[in-house]
$ cat start-v3.cif   # mmCIF, C-alpha atoms and all ligand atoms
data_work
#
loop_
_atom_site.label_atom_id
_atom_site.label_comp_id
_atom_site.auth_asym_id
_atom_site.auth_seq_id
_atom_site.Cartn_x
_atom_site.Cartn_y
_atom_site.Cartn_z
CA MET A 1 -5.06 6.07 -20.45
CA ASN A 2 -5.24 8.38 -17.39
CA ILE A 3 -7.01 6.45 -14.67
CA ASN A 4 -8.24 7.85 -11.34
CA LEU A 5 -7.87 5.40 -8.47
CA VAL A 6 -10.65 6.23 -6.03
CA THR A 7 -9.44 5.03 -2.65
CA SER A 8 -8.05 6.33 0.60
CA ASN A 9 -5.88 3.21 1.00
CA GLN A 10 -2.25 4.00 0.17
CA GLY A 11 -1.35 0.32 -0.08
CA LYS A 12 -3.90 -0.20 -2.84
CA VAL A 13 -2.69 2.92 -4.69
CA GLU A 14 0.88 1.62 -4.69
CA GLU A 15 -0.11 -1.85 -5.90
CA LEU A 16 -2.53 -0.65 -8.59
CA THR A 17 -0.12 2.02 -9.85
CA SER A 18 2.83 -0.34 -10.09
CA ILE A 19 0.72 -2.75 -12.17
CA LEU A 20 -0.74 -0.07 -14.47
CA GLU A 21 2.34 2.01 -15.22
CA PRO A 22 4.43 -0.60 -17.08
CA PHE A 23 1.51 -0.83 -19.55
CA GLY A 24 1.76 2.90 -20.27
CA HIS A 25 -1.23 3.98 -18.16
CA ASN A 26 -1.06 6.91 -15.76
CA ALA A 27 -2.70 6.49 -12.40
CA SER A 28 -3.67 9.27 -9.97
CA GLN A 29 -5.27 8.89 -6.59
CA LEU A 30 -8.64 10.48 -5.82
CA ASP A 31 -8.91 10.32 -2.04
CA ILE A 32 -12.71 10.05 -1.85
CA SER A 33 -14.47 7.61 0.49
CA CYS A 34 -17.63 6.16 -1.06
CA PRO A 35 -20.43 5.68 1.48
CA GLU A 36 -20.39 2.14 2.89
CA ILE A 37 -23.42 -0.04 2.27
CA GLN A 38 -24.54 -3.21 4.01
CA ALA A 39 -24.06 -5.86 1.35
CA SER A 40 -23.36 -9.56 1.26
CA THR A 41 -20.93 -9.50 -1.68
CA LEU A 42 -17.98 -7.39 -2.79
CA GLU A 43 -19.67 -7.07 -6.20
CA GLU A 44 -22.68 -5.29 -4.66
CA VAL A 45 -20.37 -2.89 -2.83
CA VAL A 46 -18.57 -2.10 -6.09
CA ASP A 47 -21.82 -1.65 -8.06
CA PHE A 48 -23.07 0.79 -5.44
CA GLY A 49 -19.75 2.67 -5.39
CA LEU A 50 -19.64 3.03 -9.18
CA GLU A 51 -23.20 4.34 -9.32
CA TRP A 52 -22.56 6.77 -6.47
CA LEU A 53 -19.38 8.11 -8.10
CA HIS A 54 -21.13 8.43 -11.47
CA ASN A 55 -23.98 10.39 -9.85
CA GLN A 56 -21.45 12.65 -8.11
CA GLY A 57 -19.91 13.45 -11.51
CA THR A 58 -16.50 12.16 -10.35
CA LYS A 59 -13.86 12.43 -13.05
CA SER A 60 -13.59 9.21 -15.05
CA PRO A 61 -12.18 6.87 -16.21
CA LEU A 62 -11.86 5.69 -12.66
CA VAL A 63 -11.22 2.47 -10.80
CA ILE A 64 -12.47 1.38 -7.38
CA ASP A 65 -11.30 -1.67 -5.46
CA ASP A 66 -13.12 -3.70 -2.83
CA ALA A 67 -11.37 -6.65 -1.27
CA GLY A 68 -11.58 -9.03 1.65
CA VAL A 69 -10.24 -12.20 3.19
CA PHE A 70 -12.55 -15.24 3.38
CA VAL A 71 -11.73 -17.95 5.95
CA ASP A 72 -13.13 -21.38 5.00
CA GLU A 73 -13.73 -22.64 8.55
CA LEU A 74 -15.49 -19.37 9.47
CA LYS A 75 -17.90 -19.79 6.52
CA GLY A 76 -16.20 -17.00 4.61
CA PHE A 77 -15.95 -14.53 7.53
CA PRO A 78 -14.71 -11.76 7.66
CA GLY A 79 -15.28 -11.48 3.86
CA VAL A 80 -17.24 -8.29 3.12
CA TYR A 81 -16.75 -7.30 6.77
CA SER A 82 -12.94 -7.43 6.50
CA ARG A 83 -12.54 -3.71 6.94
CA TYR A 84 -14.75 -3.57 10.02
CA VAL A 85 -12.93 -6.53 11.57
CA TYR A 86 -9.56 -4.95 10.75
CA ASP A 87 -10.59 -1.64 12.33
CA THR A 88 -12.06 -3.26 15.45
CA ILE A 89 -10.24 -6.45 16.48
CA SER A 90 -7.37 -6.25 13.91
CA PRO A 91 -5.62 -9.26 12.32
CA LYS A 92 -4.45 -10.27 15.82
CA GLY A 93 -8.10 -10.53 16.90
CA LEU A 94 -8.86 -12.70 13.89
CA LEU A 95 -5.99 -15.01 14.87
CA LYS A 96 -7.54 -15.22 18.33
CA GLN A 97 -10.93 -16.17 16.83
CA MET A 98 -9.09 -18.91 14.92
CA GLU A 99 -7.33 -20.44 17.91
CA GLY A 100 -7.88 -24.19 17.89
CA ILE A 101 -8.93 -24.23 14.22
CA GLU A 102 -6.75 -26.66 12.28
CA ASN A 103 -8.00 -25.99 8.76
CA ARG A 104 -6.42 -22.58 8.05
CA ALA A 105 -7.51 -22.40 4.39
CA ALA A 106 -8.58 -18.92 3.28
CA SER A 107 -8.75 -16.83 0.16
CA PHE A 108 -8.43 -13.19 -0.74
CA LYS A 109 -10.82 -11.78 -3.28
CA CYS A 110 -10.63 -8.43 -5.05
CA VAL A 111 -13.34 -6.85 -7.20
CA LEU A 112 -12.25 -3.89 -9.31
CA GLY A 113 -14.91 -1.56 -10.71
CA LEU A 114 -14.20 0.52 -13.81
CA LEU A 115 -16.29 3.58 -14.72
CA LEU A 116 -15.60 4.85 -18.23
CA GLU A 117 -16.11 8.36 -19.55
CA ASP A 118 -19.27 7.28 -21.41
CA GLY A 119 -20.79 6.08 -18.11
CA GLY A 120 -20.19 2.37 -18.90
CA THR A 121 -19.29 0.20 -15.91
CA HIS A 122 -17.37 -3.08 -15.75
CA LYS A 123 -16.16 -5.36 -12.96
CA PHE A 124 -13.05 -7.55 -12.79
CA VAL A 125 -12.44 -10.24 -10.19
CA GLY A 126 -9.28 -11.87 -8.88
CA GLU A 127 -8.77 -14.45 -6.15
CA CYS A 128 -5.81 -15.94 -4.32
CA ASN A 129 -5.97 -19.08 -2.19
CA GLY A 130 -3.74 -19.74 0.76
CA ASN A 131 -3.62 -20.21 4.52
CA ILE A 132 -3.88 -18.08 7.63
CA ILE A 133 -0.85 -18.65 9.84
CA HIS A 134 -0.75 -18.51 13.63
CA GLU A 135 1.25 -15.30 14.06
CA ILE A 136 2.04 -11.95 12.45
CA ARG A 137 4.98 -12.17 10.00
CA GLY A 138 6.54 -9.50 7.76
CA ASP A 139 6.63 -5.73 7.39
CA GLY A 140 5.51 -5.25 3.78
CA GLY A 141 2.08 -4.91 2.24
CA PHE A 142 -0.89 -3.82 4.34
CA GLY A 143 -4.04 -5.09 6.03
CA TYR A 144 -4.08 -8.85 6.58
CA ASP A 145 -0.89 -9.45 4.57
CA PRO A 146 1.22 -10.48 7.63
CA ILE A 147 -1.09 -13.42 8.48
CA PHE A 148 -1.64 -14.89 4.99
CA ILE A 149 0.60 -17.31 3.07
CA PRO A 150 -0.47 -17.75 -0.55
CA ASP A 151 -0.45 -21.30 -1.94
CA GLY A 152 2.93 -22.26 -3.38
CA SER A 153 4.86 -19.94 -1.08
CA ASP A 154 6.39 -20.24 2.37
CA ARG A 155 6.30 -16.49 2.95
CA THR A 156 3.39 -14.27 3.94
CA PHE A 157 2.18 -11.56 1.54
CA ALA A 158 3.94 -9.14 3.92
CA GLU A 159 7.26 -10.97 3.39
CA LEU A 160 7.04 -10.91 -0.41
CA LEU A 161 8.48 -8.10 -2.53
CA PRO A 162 5.70 -5.87 -3.92
CA GLU A 163 6.20 -7.30 -7.44
CA GLU A 164 6.05 -10.88 -6.06
CA LYS A 165 2.72 -10.13 -4.32
CA ASN A 166 1.31 -8.45 -7.46
CA GLU A 167 2.21 -11.49 -9.58
CA ILE A 168 -0.04 -13.86 -7.63
CA SER A 169 -2.38 -11.70 -5.56
CA HIS A 170 -6.14 -11.30 -5.90
CA ARG A 171 -5.56 -7.64 -6.85
CA GLY A 172 -2.85 -8.51 -9.38
CA ARG A 173 -5.16 -11.08 -11.00
CA ALA A 174 -8.14 -8.71 -11.10
CA MET A 175 -5.87 -6.07 -12.60
CA LYS A 176 -4.67 -8.46 -15.33
CA ASN A 177 -8.33 -8.94 -16.32
CA LEU A 178 -8.91 -5.19 -16.35
CA LEU A 179 -5.78 -4.62 -18.45
CA SER A 180 -6.85 -7.26 -20.99
CA PHE A 181 -10.24 -5.56 -21.27
CA ILE A 182 -8.87 -2.07 -21.86
CA SER A 183 -6.35 -3.38 -24.35
CA GLU A 184 -9.02 -5.37 -26.29
CA LYS A 185 -11.25 -2.27 -26.39
CA GLY A 186 -8.29 -0.12 -27.48
CA LEU A 187 -8.86 2.25 -24.53
P1 LIG B 1 -11.46 -2.66 1.58
O1 LIG B 1 -11.38 -3.23 0.21
O2 LIG B 1 -10.72 -1.37 1.67
O3 LIG B 1 -12.87 -2.60 2.11
O4 LIG B 1 -10.61 -3.65 2.48
C1 LIG B 1 -11.15 -4.48 3.45
C2 LIG B 1 -10.07 -4.86 4.43
O5 LIG B 1 -9.24 -5.83 3.82
C3 LIG B 1 -9.18 -3.71 4.86
O6 LIG B 1 -8.91 -3.84 6.24
C4 LIG B 1 -7.93 -3.88 4.06
O7 LIG B 1 -6.80 -3.46 4.76
C5 LIG B 1 -7.91 -5.39 3.83
N1 LIG B 1 -7.30 -5.70 2.53
C6 LIG B 1 -7.72 -5.31 1.30
N2 LIG B 1 -6.87 -5.74 0.36
C7 LIG B 1 -5.89 -6.40 1.03
C8 LIG B 1 -4.70 -7.04 0.59
O8 LIG B 1 -4.34 -7.08 -0.58
N3 LIG B 1 -3.96 -7.61 1.56
C9 LIG B 1 -4.32 -7.58 2.88
N4 LIG B 1 -5.39 -6.96 3.34
C10 LIG B 1 -6.18 -6.38 2.40
#

$ encode --input "start-v3.cif" --output "structure tokens" --more "lines below"
Ligand code: IMP
Amino acid sequence: MNINLVTSNQGKVEELTSILEPFGHNASQLDISCPEIQASTLEEVVDFGLEWLHNQGTKSPLVIDDAGVFVDELKGFPGVYSRYVYDTISPKGLLKQMEGIENRAASFKCVLGLLLEDGGTHKFVGECNGNIIHEIRGDGGFGYDPIFIPDGSDRTFAELLPEEKNEISHRGRAMKNLLSFISEKGL
């Protein structure tokens, strides 16, 4: 299957492509930014994006990806606002907001949206639990990767090899669900 990855985030393109290609799918990037909406869940953002892309006549099948990091002690913040927080105060600013907080539990969530050629839409979710550390560690990955240690590891996402991150990450898990769906449907 030839899948268009609609995102301007190079990190996502690399991760999604490296998961899709071993299964014989070709992925190409479509560098289109969907308009941002005010929403309280990643699912709503993805639903809006899929509808917008469908109405634009964007070439399908296509996949969009919305993700965020949810900090337990901050009642899930930054969550759907992860991009805004990243662009304004950056992961360092988030660490500052978390000074004095002992419970560092957090989770990443990824919602993938699939738009098929017949206009059908489907969503796939993946989550990864872990902890926010107190400093920036590692050069790999992107976004909040240098401040997040997934459960069962002593390295941040940014210290893992790309294939190690994909194996356990929110995006890797969402992608496994998407791959099972397209294989069951024979797409
Ligand atoms: P969005 O999905 O592009 O809206 O991402 C929201 C924010 O979360 C951006 O600042 C991304 O850099 C960040 N982000 C998304 N996915 C990941 C990830 O897998 N690791 C770390 N940061 C991520």

$ residues_near_ligand --input "start-v3.cif" --ligand "ligand LIG 1 (chain B)" --cutoff "7 Å" --atoms "only C-alpha atoms and all ligand atoms" --output "list in words"
Asn9, Asp65, Asp66, Ala67, Gly68, Val69, Ser82, Arg83, Tyr84, Tyr86, Asp87, Gly141, Phe142, Gly143, Tyr144, Asp145 and Arg171 of chain A

$ residues_around --input "start-v3.cif" --residues "Phe108 (chain A)" --least-positions-apart "2" --cutoff "8 Å" --atoms "all atoms listed in the file" --output "JSON, numbers by chain"
{"A": [67, 68, 69, 70, 106, 110, 127, 128, 129, 169, 170]}

$ atom_distance --input "start-v3.cif" --atom1 "CA of Leu42 (chain A)" --atom2 "CA of Ala158 (chain A)"
23.0 Å

$ residues_around --input "start-v3.cif" --residues "Asn131 (chain A)" --least-positions-apart "5" --cutoff "9 Å" --atoms "all atoms listed in the file" --output "ChimeraX atom specification"
/A:71,103-107,147-151

$ atom_distance --input "start-v3.cif" --atom1 "CA of Ala27 (chain A)" --atom2 "CA of Glu15 (chain A)"
10.9 Å

$ closest_residue --input "start-v3.cif" --among "A:Glu159, A:Glu73, A:Glu167, A:Asp47" --to "Gln97 (chain A)" --atoms "only C-alpha atoms"
A:Glu73

$ residues_around --input "start-v3.cif" --residues "Phe23 (chain A)" --least-positions-apart "2" --cutoff "10 Å" --atoms "all atoms listed in the file" --output "ChimeraX atom specification"
/A:1,18-21,25-26,179,183

$ closest_residue --input "start-v3.cif" --among "A:Leu161, A:Val111, A:Ile37, A:Ile101" --to "Asp72 (chain A)" --atoms "all atoms listed in the file"
A:Ile101

$ atom_distance --input "start-v3.cif" --atom1 "CA of Leu62 (chain A)" --atom2 "CA of Asp139 (chain A)"
29.6 Å

$ decode --input "start-v3.cif" --residues "region 151-184 of chain A" --atoms "N, CA and C atoms" --output "mmCIF file, in the first residue's frame"
data_model
loop_
_atom_site.group_PDB
_atom_site.id
_atom_site.type_symbol
_atom_site.label_atom_id
_atom_site.label_comp_id
_atom_site.auth_asym_id
_atom_site.auth_seq_id
_atom_site.Cartn_x
_atom_site.Cartn_y
_atom_site.Cartn_z
ATOM 1 N N ASP A 151 8.570 3.129 31.134
ATOM 2 C CA ASP A 151 8.621 2.073 32.151
ATOM 3 C C ASP A 151 9.440 0.897 31.641
ATOM 4 N N GLY A 152 10.261 0.330 32.537
ATOM 5 C CA GLY A 152 11.049 -0.847 32.166
ATOM 6 C C GLY A 152 12.398 -0.484 31.576
ATOM 7 N N SER A 153 12.679 0.804 31.451
ATOM 8 C CA SER A 153 13.958 1.224 30.879
ATOM 9 C C SER A 153 14.665 2.151 31.861
ATOM 10 N N ASP A 154 15.981 2.293 31.689
ATOM 11 C CA ASP A 154 16.673 3.316 32.478
ATOM 12 C C ASP A 154 17.209 4.402 31.553
ATOM 13 N N ARG A 155 16.774 4.350 30.291
ATOM 14 C CA ARG A 155 17.206 5.369 29.329
ATOM 15 C C ARG A 155 15.994 6.176 28.855
ATOM 16 N N THR A 156 16.259 7.441 28.504
ATOM 17 C CA THR A 156 15.165 8.255 27.950
ATOM 18 C C THR A 156 14.882 7.786 26.519
ATOM 19 N N PHE A 157 13.723 8.173 26.001
ATOM 20 C CA PHE A 157 13.407 7.885 24.589
ATOM 21 C C PHE A 157 14.543 8.396 23.697
ATOM 22 N N ALA A 158 15.141 9.535 24.087
ATOM 23 C CA ALA A 158 16.199 10.131 23.254
ATOM 24 C C ALA A 158 17.509 9.365 23.347
ATOM 25 N N GLU A 159 17.618 8.442 24.317
ATOM 26 C CA GLU A 159 18.835 7.626 24.440
ATOM 27 C C GLU A 159 18.639 6.239 23.825
ATOM 28 N N LEU A 160 17.410 5.926 23.420
ATOM 29 C CA LEU A 160 17.150 4.616 22.812
ATOM 30 C C LEU A 160 17.475 4.682 21.318
ATOM 31 N N LEU A 161 17.788 3.531 20.732
ATOM 32 C CA LEU A 161 17.923 3.462 19.278
ATOM 33 C C LEU A 161 16.515 3.641 18.702
ATOM 34 N N PRO A 162 16.418 4.140 17.459
ATOM 35 C CA PRO A 162 15.076 4.349 16.886
ATOM 36 C C PRO A 162 14.210 3.094 16.954
ATOM 37 N N GLU A 163 14.811 1.914 16.673
ATOM 38 C CA GLU A 163 14.002 0.675 16.681
ATOM 39 C C GLU A 163 13.588 0.297 18.107
ATOM 40 N N GLU A 164 14.410 0.667 19.111
ATOM 41 C CA GLU A 164 14.031 0.397 20.504
ATOM 42 C C GLU A 164 12.849 1.291 20.908
ATOM 43 N N LYS A 165 12.881 2.553 20.485
ATOM 44 C CA LYS A 165 11.746 3.456 20.802
ATOM 45 C C LYS A 165 10.476 2.941 20.115
ATOM 46 N N ASN A 166 10.596 2.589 18.833
ATOM 47 C CA ASN A 166 9.404 2.133 18.088
ATOM 48 C C ASN A 166 8.758 0.905 18.722
ATOM 49 N N GLU A 167 9.573 0.037 19.306
ATOM 50 C CA GLU A 167 9.081 -1.214 19.878
ATOM 51 C C GLU A 167 8.097 -0.974 21.030
ATOM 52 N N ILE A 168 8.344 0.104 21.797
ATOM 53 C CA ILE A 168 7.540 0.310 23.012
ATOM 54 C C ILE A 168 6.774 1.633 23.021
ATOM 55 N N SER A 169 7.016 2.469 22.025
ATOM 56 C CA SER A 169 6.442 3.823 22.104
ATOM 57 C C SER A 169 4.948 3.840 21.792
ATOM 58 N N HIS A 170 4.308 4.914 22.208
ATOM 59 C CA HIS A 170 2.911 5.211 21.882
ATOM 60 C C HIS A 170 2.686 5.124 20.375
ATOM 61 N N ARG A 171 3.614 5.710 19.589
ATOM 62 C CA ARG A 171 3.451 5.704 18.129
ATOM 63 C C ARG A 171 3.615 4.291 17.575
ATOM 64 N N GLY A 172 4.619 3.571 18.105
ATOM 65 C CA GLY A 172 4.844 2.190 17.652
ATOM 66 C C GLY A 172 3.619 1.326 17.925
ATOM 67 N N ARG A 173 3.008 1.540 19.100
ATOM 68 C CA ARG A 173 1.832 0.731 19.476
ATOM 69 C C ARG A 173 0.620 1.100 18.606
ATOM 70 N N ALA A 174 0.429 2.401 18.375
ATOM 71 C CA ALA A 174 -0.691 2.811 17.517
ATOM 72 C C ALA A 174 -0.487 2.240 16.111
ATOM 73 N N MET A 175 0.765 2.259 15.664
ATOM 74 C CA MET A 175 1.070 1.762 14.324
ATOM 75 C C MET A 175 0.827 0.256 14.200
ATOM 76 N N LYS A 176 1.118 -0.486 15.281
ATOM 77 C CA LYS A 176 0.854 -1.935 15.260
ATOM 78 C C LYS A 176 -0.642 -2.167 15.051
ATOM 79 N N ASN A 177 -1.476 -1.361 15.723
ATOM 80 C CA ASN A 177 -2.932 -1.492 15.565
ATOM 81 C C ASN A 177 -3.354 -1.162 14.140
ATOM 82 N N LEU A 178 -2.746 -0.112 13.576
ATOM 83 C CA LEU A 178 -3.085 0.261 12.195
ATOM 84 C C LEU A 178 -2.668 -0.853 11.222
ATOM 85 N N LEU A 179 -1.475 -1.408 11.457
ATOM 86 C CA LEU A 179 -0.985 -2.478 10.568
ATOM 87 C C LEU A 179 -1.875 -3.712 10.640
ATOM 88 N N SER A 180 -2.345 -4.058 11.861
ATOM 89 C CA SER A 180 -3.237 -5.220 11.981
ATOM 90 C C SER A 180 -4.512 -4.965 11.193
ATOM 91 N N PHE A 181 -5.025 -3.721 11.278
ATOM 92 C CA PHE A 181 -6.271 -3.389 10.582
ATOM 93 C C PHE A 181 -6.090 -3.521 9.073
ATOM 94 N N ILE A 182 -5.008 -2.947 8.530
ATOM 95 C CA ILE A 182 -4.884 -2.993 7.073
ATOM 96 C C ILE A 182 -4.569 -4.408 6.586
ATOM 97 N N SER A 183 -3.943 -5.193 7.448
ATOM 98 C CA SER A 183 -3.691 -6.570 7.028
ATOM 99 C C SER A 183 -4.991 -7.391 7.078
ATOM 100 N N GLU A 184 -5.804 -7.187 8.139
ATOM 101 C CA GLU A 184 -7.104 -7.911 8.219
ATOM 102 C C GLU A 184 -8.014 -7.559 7.053
#
